[in-house]
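*Asks:* Structure in structure tokens, see below.
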Amino acid sequence: MGNPYASLSLFPDEDESVAIEPTFEQKRAYFKRLENPHAHSAIFGDSEDNLWQAAARHQKNDAFVSLEKELDEVLNLYKHYVARNEWKHLMDFRPFFLQEASDTPEHANQVINRLQKFKFSLAPGEKVEYNRAPADRIISELKKILG
Amino acid sequence: MPPTKNVSLLRALLTKAESLASTVSKNEFPVLLRPLAERRKVTSVDFCPLLVDAMLTTHPEGFRILLNSDGGRDQELKERYRNESKRKLLQPRLRFSIAHELAHTFFYDLTGESPKLSKKFKSGGGQTELENLERYCNTIASHLLLPTQMLSDAFLRIKAITPESILELAQTTGVSLPALLFRLDKSDSLFIKKYFRGCIVLVAQHDEELKIRAVAKPRSLIIARQLRQMNSNDVWSLKTQGGCEINPTRLPKSSTAILDVILDQSRCQKEYQIYVAAVGGFDAMNSFLITFEEK
């Protein structure tokens, strides 16, 4: 019968028998590039330390990016409310907050969940009365979020 | 704008705030917040977790107040605000926060479609513009909750100034003890009318330390030197004329002490009646309300 859709194929049909099986080393190199120690260990029965480190680095980076995004979203919500000359003070606290919150991915996720609770929504045409809050008030609440 | 202009603006806003509070409350304590808010075009008061105590928003129909629910149940607090009555008042701290936000609405012109900011305080008197705004909004809030004439009538009706009678006044008016004492401290004329030669002090105990949380005393009447020197946030340190320490935690409910009174550069001793009552925590281990009055 052959392949009834062969005429629709963009590439010439490859004979399975001629497909090149990757070598053990190629497979190993491929899984190494994936930086997934769980998969590496499942297939090859071992995993290198640097794979675990890379995975942890990835996880931490992902958590850090999400945390940074969440913090900036929350701070932007409060931006108009913070006194104009106090905003810099709050921004100076930002790196400290991110550093403290991202010590472990678990802590970062915990902080993200806590930050989400401080978001509020405004109706169309509604504006926050601006330039009032001192940065210290918000900083002390952010410190509480760090736990 | 020099500070004197800030004072004139504050005076004008206080008159407006007091007039509104007296009208909506029909000159009876407590001043309920919902009718007051409605008159200031506040269409909604919502509770949610916030990084600040409270926020005010403007929208085409007026204002919305957002309050920090601080771990409380948002919907339940909203219902309590909606149904606030003389018998079921909101917590004094929340009432003051709402009154503070209402104070901010007095800076807006409400005659147009949307509220428009039309007045503002300037820096002056060693304070920034923001510090002046927040400080004066606290003053306006205390006058909204305790309009002068109503407070004067209630204060003059008190037969004897004791911790119990002051506590009762705070409960009737729906304000915290510190808020009541701060307001009384700025109302010299009340003490003069009452001819109260003494002072009312709220002391908070934190571990071993005793701190003055709030104090109300007459400015124009002669009172003992030791009482005259008491200020909010000072560490409690009161000694009798003979050098004996007076410790509120060990005072009986009623006692007397001899204190120094300085009159025309001469010093004399007067006996003061002291009453003390434990009044709960106020963010401290214990708090004590103490009244001193010359016998």
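Within each chain, counting starts at residue 1; across the structure tokens, chains are named A, B, ... in the order shown, with ligands numbered 1 upward in that order.
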Residues of chain B no more than 9 Å from chain A, counting only C-alpha atoms: send them over as JSON, numbers by chain.
*Replies:* {"B": [48, 49, 50, 51, 52, 53, 55, 56, 57, 58, 59, 60, 63, 64, 130, 133, 134]}
*Asks:* Between atom CA of B:Arg135 and atom CA of A:Phe93, what distance in Å does the model show, to one decimal?
*Replies:*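 Going from atom CA of B:Arg135 over to atom CA of A:Phe93 covers 25.7 Å.
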*Asks:* Residues near stretch 113-115 of chain B, anyone? I mean within 6 Å using only C-alpha atoms, not counting same-chain ones fewer than 4 positions away, as a list in words.
*Replies:*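 Skipping anything fewer than 4 positions along the chain leaves Pro60, Gly62, Tyr108 and Asp109 of chain B.
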*Asks:* With C-alpha atoms retained, write the just-selected residues as a short mmCIF file (atom, residue, chain, number, x, y, z; two decimals), in the first residue's frame.
*Replies:*
data_model
loop_
_atom_site.label_atom_id
_atom_site.label_comp_id
_atom_site.auth_asym_id
_atom_site.auth_seq_id
_atom_site.Cartn_x
_atom_site.Cartn_y
_atom_site.Cartn_z
CA PRO B 60 -16.24 60.06 37.56
CA GLY B 62 -16.65 60.58 43.24
CA TYR B 108 -11.14 68.34 46.19
CA ASP B 109 -13.69 70.42 44.39
#
